[in-house]
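S.K.: Pasting a structure here, questions to come.
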Amino acid sequence: MRDAMCGEMISFTEGQPIPGFSDSVKEAFSKKGTLAKSRDFTYRPQQQELAVAVAEALVGASPLVAEAGTGVGKSLAYLLPAARFALETNRKGIISTHTINLQEQLIRKDIPIIRKILGEELPAVLLKGRQNYLCPLRLRRAQEQASDLFTGSENDELETIRKWAESTRDGTLSDLNFQPQMKVWLQVCSEAHLCNARHCGPRGNCFFQEARKAAADAKLIVVNHTLFFALLNTDDEPSEENSKKVAGFLFPNDFAVLDEAHTIEQVAAIQLGLRVSQSGLRFDLQRLYHPRTRKGLLKSFRKASAMNAVEEALAAAERFFHQVGDVAKFGTYSKEFRVRQTELIPNSLAEPLRNLWAEIDNLAEDVESDATKAELQDVSRRLRETHGAIGVFLDQATDDSVYWIERSGRDEQQFSLHAAPVNVADRLRPLLFDGKKSIALTSATLGVGDPKLGYFRSRVGAENARALCIGSPFDYQRQMKIRIYKSVPDPGTPKYDELLAEGIRQAVLESHGRAFVLFTSYRTMRDAAQRLEKFFLKQGWRVLLQ
């Protein structure tokens with residue numbers, strides 16, 4: 001293959017290190033390299049250093065953990081070597097990020113730039129979680145059963161989705177021009193046990209199956225961290241079939257780049273843990289049969305015992321979670337309560353859930369339609385999973401996990417059960433960093449003052465990974481000030497919002513109206529904007545709120 005960046009011929013064996021690969025990447029990011037031909041390119045030694053480190057990790061089949069400060073240009077620094085490595089070794093590259101904004105930037109802006117630089121076809125797709133995709137087969141079934149499933153307003157939404165399905169190109173929820181009720185969308189979206197290649201694939205009109213085909217042909221696949229860990233190959237049991245495969249993350253012999261890597265410990269803990277919420281369970285049960293509207297999946301079967309079983313499970317769930325709230329001792333401002341004892345309350349939900357799935361299993365046995373049978377079997381499976389998760393929580397069955405209760409809702413009277421592994425590193429180490437796997441983790445914030453990134457590496461199991469700490473090209477000492485307001489009380493305490501707004505006012509005055517103010521709370525953001533609205537108008541400054 002001809003090196004698109006420096007013109008020389010490079011020979012390689014599929015899956016083997018490429019001679020001169022790192023040097024050619026370094027040349028591409030140099031002052032007179034291929035990238036320098038673009039008017040938008042500014043030579044940054046920090047970007048070049050990161051790109052070379054990523055290239056070395058890929059060809060060396062070794063892990064890299066790299067902190068690169070704001071302004072380095074991380075995306076291009078890892079995309080160019082990743083794209084070339086994928087093309088020249090015929091391996092798939094998985095690019096995982098935390099935010100949808102960065103995923104869309106990669107697909108719409110950065111990867112097209114790389115494609116232009118390389119002058120080659122570079123198939124790349126943004127793969128979303130399955131439930132983001134519309135399933136035409138399930139949509140048709142939902143329309144056939146609409147009178148039993150939905151109320152009038154829900155039927156209107158279903159009809160809007162049907163019309164949208166005729167024109168949408170990718171069939172994902174983000175392409176829909178309104179936000180449907182979750183009850184409606186979950187009845188028409190792709191589900192693992194209902195929308196499969198055998199039933200949906202042959203028609204060629206299933207958006208998820210088409211996305212899977214595109215992913216199979218792609219060289220770069222962009223995902224978010226949640227999907228990455230959900231799909232991560234966790235087969236740790238040796239078998240004859242597994243022994244024939246080359247180890248990978250999502251595909252055999254693939255490689256991965258995890259950007260915004262500072263979030264992976266939290267995301268992995270959630271994916272490897274459990275969560276059962278009062279509102280979520282209520283929602284699932286009411287999808288089966290809603291006593292008030294008398295609508296739901298079970299309505300069409302006209303079997304009273306099944307609908308009674310749903311009502312009993314609903315009542316039991318409310319009692320169960322009410323008791324959870326009674327025993328949880330939250331602090332004044334705390335939304336979490338740590339559970340340290342087993343059998344915190346009796347498992348009064350176990351029997352109603354068992355009775356319900358037994359009713360559903362009986363219905364499934366008598367159904368002739370494969371599609372309807374699969375829908376019922378999927379419901380039964382979900383109920384069993386919820387039953388099992390509640391049992392694990394109450395028994396604290398996993399020794400290396402921490403257990404807690406959270407409260408939420410407008411009146412903070414909705415509760416949820418949570419568990420997560422205490423040490424994510426022990427789970428992630430064999431999955432990500434053992435063996436000959438090519439993986440690079442990068443973020444602007446990993447080191448907490450430690451150039452060896454020791455704390456982060458120990459938290460995610462990357463102790464043996466190469467650590468690289470690259471500073472920012474920005475001159476922070478000359479270009480910024482740090483101001484700490486010692487007098488502002490903690491959020492949620494009296495006068496916090498008032499003093500916060502005053503601090504913003506002073507800072508924006510100093511910057512002459514040029515400011516980008518970030519919040520972690522929608523309510524706080526709206527309150528600050530409202531308090532400062534008249535001041536901004538008086539100064540003649542336009543305020544944008546998002």
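In the structure tokens, chains take letters A, B, ... by order of appearance, with residues numbered from 1 within each chain and ligands from 1 in the order shown.
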Give me the residues of region 241-329 of chain A that have any atom at most 8 Å from an atom of region 356-364 of chain A; for each, the nearest atom pair and the distance in Å, rounded to one decimal. Use only C-alpha atoms, sort by chain and number, and format it as JSON lines.
M.R.:
{"residue": "A:Phe301", "atom": "CA", "partner": "A:Leu363", "partner_atom": "CA", "distance": 7.9}
{"residue": "A:Ser305", "atom": "CA", "partner": "A:Glu359", "partner_atom": "CA", "distance": 7.4}
{"residue": "A:Ala306", "atom": "CA", "partner": "A:Glu359", "partner_atom": "CA", "distance": 5.5}
{"residue": "A:Ala309", "atom": "CA", "partner": "A:Leu356", "partner_atom": "CA", "distance": 5.2}
{"residue": "A:Val310", "atom": "CA", "partner": "A:Leu356", "partner_atom": "CA", "distance": 6.4}
{"residue": "A:Ala313", "atom": "CA", "partner": "A:Leu356", "partner_atom": "CA", "distance": 7.3}
S.K.: Which residues come within 9 Å of Glu406 (chain A), counting only C-alpha atoms, excluding same-chain residues fewer than 4 positions away, as number ranges by chain?
M.R.: A: 277, 328, 330, 334-338, 414-418
S.K.: Export, as an mmCIF file, in the first residue's frame, the selected residues with all heavy atoms.
M.R.:
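Result file is selection-v1.cif:
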data_model
loop_
_atom_site.group_PDB
_atom_site.id
_atom_site.type_symbol
_atom_site.label_atom_id
_atom_site.label_comp_id
_atom_site.auth_asym_id
_atom_site.auth_seq_id
_atom_site.Cartn_x
_atom_site.Cartn_y
_atom_site.Cartn_z
ATOM 1 N N SER A 277 -35.190 0.694 39.760
ATOM 2 C CA SER A 277 -35.864 1.890 40.243
ATOM 3 C C SER A 277 -37.361 1.665 40.375
ATOM 4 O O SER A 277 -37.961 0.888 39.635
ATOM 5 C CB SER A 277 -35.612 3.071 39.300
ATOM 6 O OG SER A 277 -36.350 2.927 38.107
ATOM 7 N N ALA A 328 -34.413 3.810 54.818
ATOM 8 C CA ALA A 328 -33.239 4.566 54.373
ATOM 9 C C ALA A 328 -33.148 5.879 55.149
ATOM 10 O O ALA A 328 -34.090 6.672 55.161
ATOM 11 C CB ALA A 328 -33.327 4.832 52.877
ATOM 12 N N PHE A 330 -31.642 9.135 55.027
ATOM 13 C CA PHE A 330 -30.930 10.140 54.239
ATOM 14 C C PHE A 330 -30.572 11.340 55.109
ATOM 15 O O PHE A 330 -31.312 11.716 56.012
ATOM 16 C CB PHE A 330 -31.798 10.617 53.071
ATOM 17 C CG PHE A 330 -32.147 9.530 52.088
ATOM 18 C CD1 PHE A 330 -33.368 8.876 52.144
ATOM 19 C CD2 PHE A 330 -31.243 9.158 51.095
ATOM 20 C CE1 PHE A 330 -33.693 7.883 51.239
ATOM 21 C CE2 PHE A 330 -31.561 8.163 50.186
ATOM 22 C CZ PHE A 330 -32.791 7.527 50.259
ATOM 23 N N SER A 334 -28.737 14.960 51.494
ATOM 24 C CA SER A 334 -28.243 13.777 50.791
ATOM 25 C C SER A 334 -29.351 13.092 49.997
ATOM 26 O O SER A 334 -30.503 13.037 50.420
ATOM 27 C CB SER A 334 -27.649 12.785 51.793
ATOM 28 O OG SER A 334 -27.307 11.583 51.154
ATOM 29 N N LYS A 335 -28.969 12.564 48.846
ATOM 30 C CA LYS A 335 -29.895 11.791 48.020
ATOM 31 C C LYS A 335 -29.510 10.314 47.988
ATOM 32 O O LYS A 335 -30.117 9.514 47.271
ATOM 33 C CB LYS A 335 -29.922 12.347 46.588
ATOM 34 C CG LYS A 335 -30.501 13.752 46.484
ATOM 35 C CD LYS A 335 -30.536 14.225 45.042
ATOM 36 C CE LYS A 335 -31.119 15.634 44.936
ATOM 37 N NZ LYS A 335 -32.534 15.682 45.325
ATOM 38 N N GLU A 336 -28.484 9.954 48.767
ATOM 39 C CA GLU A 336 -28.012 8.578 48.777
ATOM 40 C C GLU A 336 -27.919 8.053 50.208
ATOM 41 O O GLU A 336 -27.594 8.796 51.132
ATOM 42 C CB GLU A 336 -26.642 8.469 48.098
ATOM 43 C CG GLU A 336 -26.647 8.877 46.639
ATOM 44 C CD GLU A 336 -25.256 8.835 46.024
ATOM 45 O OE1 GLU A 336 -24.295 8.564 46.781
ATOM 46 O OE2 GLU A 336 -25.125 9.062 44.812
ATOM 47 N N PHE A 337 -28.180 6.768 50.361
ATOM 48 C CA PHE A 337 -28.059 6.110 51.659
ATOM 49 C C PHE A 337 -27.319 4.789 51.453
ATOM 50 O O PHE A 337 -27.763 3.927 50.698
ATOM 51 C CB PHE A 337 -29.440 5.844 52.262
ATOM 52 C CG PHE A 337 -29.412 4.960 53.485
ATOM 53 C CD1 PHE A 337 -28.877 5.419 54.676
ATOM 54 C CD2 PHE A 337 -29.905 3.663 53.433
ATOM 55 C CE1 PHE A 337 -28.842 4.603 55.810
ATOM 56 C CE2 PHE A 337 -29.884 2.837 54.553
ATOM 57 C CZ PHE A 337 -29.336 3.311 55.749
ATOM 58 N N ARG A 338 -26.183 4.646 52.113
ATOM 59 C CA ARG A 338 -25.350 3.453 51.982
ATOM 60 C C ARG A 338 -25.967 2.300 52.773
ATOM 61 O O ARG A 338 -26.332 2.453 53.946
ATOM 62 C CB ARG A 338 -23.948 3.753 52.503
ATOM 63 C CG ARG A 338 -23.020 2.563 52.590
ATOM 64 C CD ARG A 338 -22.468 2.157 51.244
ATOM 65 N NE ARG A 338 -21.635 0.969 51.371
ATOM 66 C CZ ARG A 338 -20.343 0.977 51.687
ATOM 67 N NH1 ARG A 338 -19.744 2.140 51.914
ATOM 68 N NH2 ARG A 338 -19.653 -0.141 51.770
ATOM 69 N N GLN A 414 -39.380 8.942 45.338
ATOM 70 C CA GLN A 414 -39.160 7.813 44.432
ATOM 71 C C GLN A 414 -37.788 7.235 44.745
ATOM 72 O O GLN A 414 -36.812 7.982 44.877
ATOM 73 C CB GLN A 414 -39.235 8.263 42.970
ATOM 74 C CG GLN A 414 -40.590 8.824 42.566
ATOM 75 C CD GLN A 414 -41.676 7.771 42.608
ATOM 76 O OE1 GLN A 414 -41.570 6.711 42.001
ATOM 77 N NE2 GLN A 414 -42.742 8.062 43.355
ATOM 78 N N PHE A 415 -37.694 5.918 44.834
ATOM 79 C CA PHE A 415 -36.467 5.303 45.310
ATOM 80 C C PHE A 415 -35.936 4.287 44.295
ATOM 81 O O PHE A 415 -36.682 3.736 43.488
ATOM 82 C CB PHE A 415 -36.711 4.626 46.659
ATOM 83 C CG PHE A 415 -37.255 5.562 47.700
ATOM 84 C CD1 PHE A 415 -38.617 5.613 47.970
ATOM 85 C CD2 PHE A 415 -36.410 6.430 48.381
ATOM 86 C CE1 PHE A 415 -39.130 6.494 48.906
ATOM 87 C CE2 PHE A 415 -36.909 7.321 49.317
ATOM 88 C CZ PHE A 415 -38.278 7.349 49.582
ATOM 89 N N SER A 416 -34.631 4.071 44.383
ATOM 90 C CA SER A 416 -34.002 3.091 43.496
ATOM 91 C C SER A 416 -32.887 2.366 44.242
ATOM 92 O O SER A 416 -32.248 2.927 45.139
ATOM 93 C CB SER A 416 -33.443 3.763 42.233
ATOM 94 O OG SER A 416 -32.618 4.864 42.556
ATOM 95 N N LEU A 417 -32.662 1.108 43.876
ATOM 96 C CA LEU A 417 -31.633 0.264 44.473
ATOM 97 C C LEU A 417 -30.421 0.220 43.540
ATOM 98 O O LEU A 417 -30.575 0.071 42.321
ATOM 99 C CB LEU A 417 -32.164 -1.151 44.687
ATOM 100 C CG LEU A 417 -33.557 -1.300 45.294
ATOM 101 C CD1 LEU A 417 -33.930 -2.774 45.407
ATOM 102 C CD2 LEU A 417 -33.627 -0.622 46.661
ATOM 103 N N HIS A 418 -29.234 0.329 44.105
ATOM 104 C CA HIS A 418 -28.017 0.362 43.289
ATOM 105 C C HIS A 418 -26.940 -0.537 43.894
ATOM 106 O O HIS A 418 -26.861 -0.703 45.114
ATOM 107 C CB HIS A 418 -27.453 1.783 43.204
ATOM 108 C CG HIS A 418 -28.385 2.767 42.579
ATOM 109 N ND1 HIS A 418 -28.256 3.178 41.273
ATOM 110 C CD2 HIS A 418 -29.462 3.424 43.080
ATOM 111 C CE1 HIS A 418 -29.225 4.036 40.996
ATOM 112 N NE2 HIS A 418 -29.958 4.214 42.072
#
S.K.: Residues at most 8 Å from Val222 (chain A), counting only C-alpha atoms, excluding those fewer than 5 positions away in the same chain, as a PyMOL selection string?
M.R.: chain A and resi 94-97+103+106-107+124-127
S.K.: Any chance you could export the current selection's all heavy atoms as a tab-separated table (two decimals), in the first residue's frame?
M.R.:
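Contents of again.tsv, as written:
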chain	number	residue	atom	x	y	z
A	94	ILE	N	-12.15	0.96	17.05
A	94	ILE	CA	-13.29	1.42	17.85
A	94	ILE	C	-12.90	2.74	18.50
A	94	ILE	O	-11.93	2.80	19.27
A	94	ILE	CB	-13.66	0.39	18.94
A	94	ILE	CG1	-13.78	-1.02	18.36
A	94	ILE	CG2	-14.94	0.82	19.65
A	94	ILE	CD1	-14.83	-1.16	17.29
A	95	ILE	N	-13.65	3.80	18.20
A	95	ILE	CA	-13.42	5.10	18.82
A	95	ILE	C	-14.58	5.35	19.78
A	95	ILE	O	-15.72	5.49	19.35
A	95	ILE	CB	-13.35	6.24	17.78
A	95	ILE	CG1	-12.41	5.87	16.62
A	95	ILE	CG2	-12.93	7.53	18.45
A	95	ILE	CD1	-10.98	5.69	17.01
A	96	SER	N	-14.29	5.39	21.06
A	96	SER	CA	-15.35	5.53	22.07
A	96	SER	C	-15.19	6.87	22.80
A	96	SER	O	-14.08	7.24	23.19
A	96	SER	CB	-15.28	4.38	23.09
A	96	SER	OG	-16.32	4.48	24.04
A	97	THR	N	-16.31	7.58	22.95
A	97	THR	CA	-16.30	8.85	23.68
A	97	THR	C	-17.45	8.84	24.68
A	97	THR	O	-18.32	7.99	24.65
A	97	THR	CB	-16.47	10.06	22.73
A	97	THR	OG1	-17.85	10.17	22.35
A	97	THR	CG2	-15.63	9.91	21.48
A	103	GLN	N	-18.99	12.59	19.57
A	103	GLN	CA	-19.25	11.53	18.58
A	103	GLN	C	-19.66	12.14	17.25
A	103	GLN	O	-19.18	11.75	16.19
A	103	GLN	CB	-20.34	10.60	19.10
A	103	GLN	CG	-19.95	9.78	20.30
A	103	GLN	CD	-21.17	9.28	21.05
A	103	GLN	OE1	-22.15	8.87	20.44
A	103	GLN	NE2	-21.13	9.32	22.37
A	106	LEU	N	-16.78	13.86	15.51
A	106	LEU	CA	-15.88	12.90	14.87
A	106	LEU	C	-16.43	12.45	13.51
A	106	LEU	O	-15.71	12.39	12.51
A	106	LEU	CB	-15.67	11.68	15.78
A	106	LEU	CG	-14.89	11.93	17.08
A	106	LEU	CD1	-14.92	10.69	17.95
A	106	LEU	CD2	-13.47	12.35	16.79
A	107	ILE	N	-17.73	12.12	13.49
A	107	ILE	CA	-18.34	11.58	12.27
A	107	ILE	C	-18.52	12.67	11.20
A	107	ILE	O	-18.27	12.45	10.02
A	107	ILE	CB	-19.69	10.92	12.60
A	107	ILE	CG1	-19.47	9.57	13.28
A	107	ILE	CG2	-20.55	10.73	11.34
A	107	ILE	CD1	-18.86	8.50	12.38
A	124	ALA	N	-16.74	4.68	7.84
A	124	ALA	CA	-16.86	4.96	9.27
A	124	ALA	C	-18.34	5.12	9.61
A	124	ALA	O	-19.10	5.70	8.83
A	124	ALA	CB	-16.09	6.22	9.64
A	125	VAL	N	-18.75	4.60	10.77
A	125	VAL	CA	-20.15	4.69	11.18
A	125	VAL	C	-20.23	5.09	12.65
A	125	VAL	O	-19.32	4.81	13.44
A	125	VAL	CB	-20.92	3.36	10.98
A	125	VAL	CG1	-20.96	2.98	9.51
A	125	VAL	CG2	-20.31	2.24	11.82
A	126	LEU	N	-21.32	5.77	12.98
A	126	LEU	CA	-21.66	6.06	14.37
A	126	LEU	C	-22.68	5.02	14.79
A	126	LEU	O	-23.79	4.97	14.26
A	126	LEU	CB	-22.24	7.46	14.50
A	126	LEU	CG	-22.85	7.85	15.86
A	126	LEU	CD1	-21.83	7.71	16.98
A	126	LEU	CD2	-23.40	9.26	15.81
A	127	LEU	N	-22.29	4.13	15.69
A	127	LEU	CA	-23.17	3.06	16.15
A	127	LEU	C	-23.78	3.44	17.49
A	127	LEU	O	-23.06	3.73	18.44
A	127	LEU	CB	-22.39	1.75	16.28
A	127	LEU	CG	-23.23	0.48	16.53
A	127	LEU	CD1	-24.20	0.23	15.38
A	127	LEU	CD2	-22.32	-0.73	16.72
S.K.: Quick one, how far is CA of Arg381 (chain A) from CA of Ala269 (chain A)?
M.R.: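 Computed distance, CA of Arg381 (chain A) to CA of Ala269 (chain A), equals 23.1 Å.
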S.K.: Enumerate, as a ChimeraX atom specification, the complete set of residues in region 176-307 of chain A that a backbone-based DSSP assignment places in alpha helix (DSSP H).
M.R.: /A:182-185,207-217,225-231,240-243,264-272,278-288,304-307
S.K.: Write out as a tab-separated table a residue-level contact list of region 241-328 of chain A versus region 430-436 of chain A with cut-off 10 Å: for each qualifying residue the closest pair of atoms and the distance in Å to one decimal, counting only C-alpha atoms, rows sorted by chain and residue number upward.
M.R.:
residue	atom	partner	partner_atom	distance
A:Val246	CA	A:Lys436	CA	9.8
A:Ala247	CA	A:Lys436	CA	8.1
A:Gly248	CA	A:Leu432	CA	9.0
A:Phe249	CA	A:Leu432	CA	7.5
A:Asn253	CA	A:Lys436	CA	9.6
A:Ala256	CA	A:Leu432	CA	9.3
S.K.: Once DSSP has gone over the backbone, tell me which residues of region 248-469 of chain A are in strand (DSSP E or B), as a PDB file with C-alpha atoms, in the first residue's frame.
M.R.:
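Output contents, as saved in out-v1.pdb:
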ATOM      1  CA  PHE A 255      -8.238  -1.981  18.467  1.00  0.00           C
ATOM      2  CA  ALA A 256      -9.676   0.858  20.560  1.00  0.00           C
ATOM      3  CA  VAL A 257      -9.206   4.528  21.365  1.00  0.00           C
ATOM      4  CA  LEU A 258     -11.146   5.818  24.383  1.00  0.00           C
ATOM      5  CA  LEU A 274     -27.174  -3.128  39.024  1.00  0.00           C
ATOM      6  CA  ARG A 275     -30.018  -0.634  39.277  1.00  0.00           C
ATOM      7  CA  VAL A 276     -33.702  -1.203  40.002  1.00  0.00           C
ATOM      8  CA  SER A 277     -35.864   1.890  40.243  1.00  0.00           C
ATOM      9  CA  HIS A 290     -52.373  -0.037  33.067  1.00  0.00           C
ATOM     10  CA  LYS A 295     -54.366  -0.487  27.975  1.00  0.00           C
ATOM     11  CA  GLU A 336     -28.012   8.578  48.777  1.00  0.00           C
ATOM     12  CA  PHE A 337     -28.059   6.110  51.659  1.00  0.00           C
ATOM     13  CA  ARG A 338     -25.350   3.453  51.982  1.00  0.00           C
ATOM     14  CA  VAL A 339     -26.662  -0.051  52.773  1.00  0.00           C
ATOM     15  CA  SER A 401     -19.651  -4.480  45.556  1.00  0.00           C
ATOM     16  CA  VAL A 402     -21.032  -1.460  47.377  1.00  0.00           C
ATOM     17  CA  TYR A 403     -24.811  -1.111  47.815  1.00  0.00           C
ATOM     18  CA  TRP A 404     -26.893   2.015  48.210  1.00  0.00           C
ATOM     19  CA  ILE A 405     -30.362   3.558  47.863  1.00  0.00           C
ATOM     20  CA  GLU A 406     -31.086   6.779  45.996  1.00  0.00           C
ATOM     21  CA  ARG A 407     -34.105   9.069  46.227  1.00  0.00           C
ATOM     22  CA  SER A 408     -35.425  11.236  43.407  1.00  0.00           C
ATOM     23  CA  GLN A 414     -39.160   7.813  44.432  1.00  0.00           C
ATOM     24  CA  PHE A 415     -36.467   5.303  45.310  1.00  0.00           C
ATOM     25  CA  SER A 416     -34.002   3.091  43.496  1.00  0.00           C
ATOM     26  CA  LEU A 417     -31.633   0.264  44.473  1.00  0.00           C
ATOM     27  CA  HIS A 418     -28.017   0.362  43.289  1.00  0.00           C
ATOM     28  CA  ALA A 419     -24.892  -1.779  43.442  1.00  0.00           C
ATOM     29  CA  ALA A 420     -21.501  -1.313  41.820  1.00  0.00           C
ATOM     30  CA  PRO A 421     -18.131  -3.036  42.140  1.00  0.00           C
ATOM     31  CA  ILE A 439      -5.705   0.442  23.150  1.00  0.00           C
ATOM     32  CA  ALA A 440      -5.159   4.130  23.869  1.00  0.00           C
ATOM     33  CA  LEU A 441      -6.954   6.157  26.552  1.00  0.00           C
ATOM     34  CA  THR A 442      -6.832   9.929  26.437  1.00  0.00           C
ATOM     35  CA  SER A 443      -8.412  12.927  28.125  1.00  0.00           C
ATOM     36  CA  ARG A 466       2.551   3.561  29.247  1.00  0.00           C
ATOM     37  CA  ALA A 467       1.762   6.921  30.860  1.00  0.00           C
ATOM     38  CA  LEU A 468       2.130  10.159  28.956  1.00  0.00           C
ATOM     39  CA  CYS A 469       1.350  13.646  30.280  1.00  0.00           C
TER      40      CYS A 469
END
S.K.: Have a look at CA of Gly69 (chain A) and CA of Leu446 (chain A) and let me know their distance in Å, one decimal.
M.R.: 9.7 Å
S.K.: Provide the CA of Asn347 (chain A) to CA of Asp395 (chain A) distance in Å, to one decimal place.
M.R.: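 CA of Asp395 (chain A) lies 9.8 Å from CA of Asn347 (chain A).
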S.K.: Which residue is closest to Gln209 (chain A)? Choose from A:Ser153, A:Arg169, A:Cys135, A:Leu176 and count only C-alpha atoms.
M.R.: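 Distance minimum relative to Gln209 (chain A) lands on A:Cys135.
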S.K.: Using only C-alpha atoms, which of A:Asn423, A:Asn233, A:Gln278, A:Thr160 sits nearest Glu318 (chain A)?
M.R.: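 Looking only at the distances to Glu318 (chain A), the closest residue turns out to be A:Gln278.
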S.K.: Determine, counting only C-alpha atoms, which protein, DNA and RNA residues have an atom within 10 Å of an atom of Gly171 (chain A); residues of the same chain fewer than 5 positions away are not included. Present the result as an MDAnalysis selection string.
M.R.: chainID A and resid 132:136 161 164:166 176 189 205:208 211
S.K.: Go ahead and save the picked residues with C-alpha atoms, as a tab-separated table (two decimals), in the first residue's frame.
M.R.:
chain	number	residue	atom	x	y	z
A	132	ASN	CA	-32.20	4.21	19.58
A	133	TYR	CA	-33.29	2.51	16.34
A	134	LEU	CA	-36.83	2.09	15.03
A	135	CYS	CA	-37.82	-1.48	14.14
A	136	PRO	CA	-40.33	-1.45	11.23
A	161	ILE	CA	-43.71	7.91	14.04
A	164	TRP	CA	-41.56	9.74	9.94
A	165	ALA	CA	-40.47	6.13	9.26
A	166	GLU	CA	-41.29	6.59	5.57
A	176	LEU	CA	-37.23	12.28	15.12
A	189	CYS	CA	-37.75	0.30	18.88
A	205	ASN	CA	-35.57	-2.05	5.85
A	206	CYS	CA	-34.64	-2.57	9.49
A	207	PHE	CA	-32.57	0.40	10.60
A	208	PHE	CA	-30.67	-1.45	13.32
A	211	ALA	CA	-26.51	-0.24	10.98
S.K.: I'd like the contact shell of Val188 (chain A) - 12 Å cut-off, only C-alpha atoms, skipping same-chain residues fewer than 6 positions apart - returned as a PyMOL selection string.
M.R.: chain A and resi 130-146+149+157-159+161-162+165+171-173+180-182+194-195+206-207+375
S.K.: Given only C-alpha atoms as the basis, pick out the residue of A:Val488, A:Ala86, A:Ile117, A:Leu220 nearest to Ser38 (chain A).
M.R.: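 Of the candidates, the smallest distance to Ser38 (chain A) is held by A:Ile117.
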S.K.: Can you pull out the residues contacting region 513-515 of chain A? Cut-off 9 Å, using only C-alpha atoms, and skip same-chain residues under 6 positions away; I want them as a PyMOL selection string.
M.R.: chain A and resi 507+536+539+541-542
S.K.: As a ChimeraX atom specification, please: the residues near Ala77 (chain A) (cut-off 12 Å, only C-alpha atoms, same-chain neighbours under 6 positions excluded).
M.R.: /A:25-26,28-30,35,43-55,66,68,71,83-84,110-111,114,257,259,440,442
S.K.: Using only C-alpha atoms, I'd like a table of the residues in region 136-247 of chain A that come within 8 Å of region 264-267 of chain A; for each, show the closest atom pair and its distance in Å rounded to one decimal, ordered by chain and ascending number, as a tab-separated table.
M.R.:
residue	atom	partner	partner_atom	distance
A:His225	CA	A:Ile264	CA	6.8
A:Thr226	CA	A:Val267	CA	6.2
A:Phe229	CA	A:Val267	CA	7.9
S.K.: Those residues you just picked out, can you put them in a file as a compact mmCIF listing (two decimals), in the first residue's frame with N, CA and C atoms?
M.R.:
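The file below, out-v1.txt, is the result:
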# COMPACT_ATOMS: atom_id res chain seq x y z
N HIS A 225 -19.21 5.45 25.56
CA HIS A 225 -18.63 4.54 26.55
C HIS A 225 -19.65 3.53 27.07
N THR A 226 -20.89 3.99 27.24
CA THR A 226 -21.92 3.08 27.75
C THR A 226 -22.09 1.89 26.81
N PHE A 229 -18.96 -0.52 26.85
CA PHE A 229 -18.89 -1.48 27.95
C PHE A 229 -20.06 -2.47 27.92
S.K.: Counting only C-alpha atoms, which of A:Pro112, A:Ser174, A:Lys219, A:Asn224 gets nearest to His98 (chain A)?
M.R.: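 Nearest candidate to His98 (chain A) out of A:Pro112, A:Ser174, A:Lys219, A:Asn224: A:Asn224.
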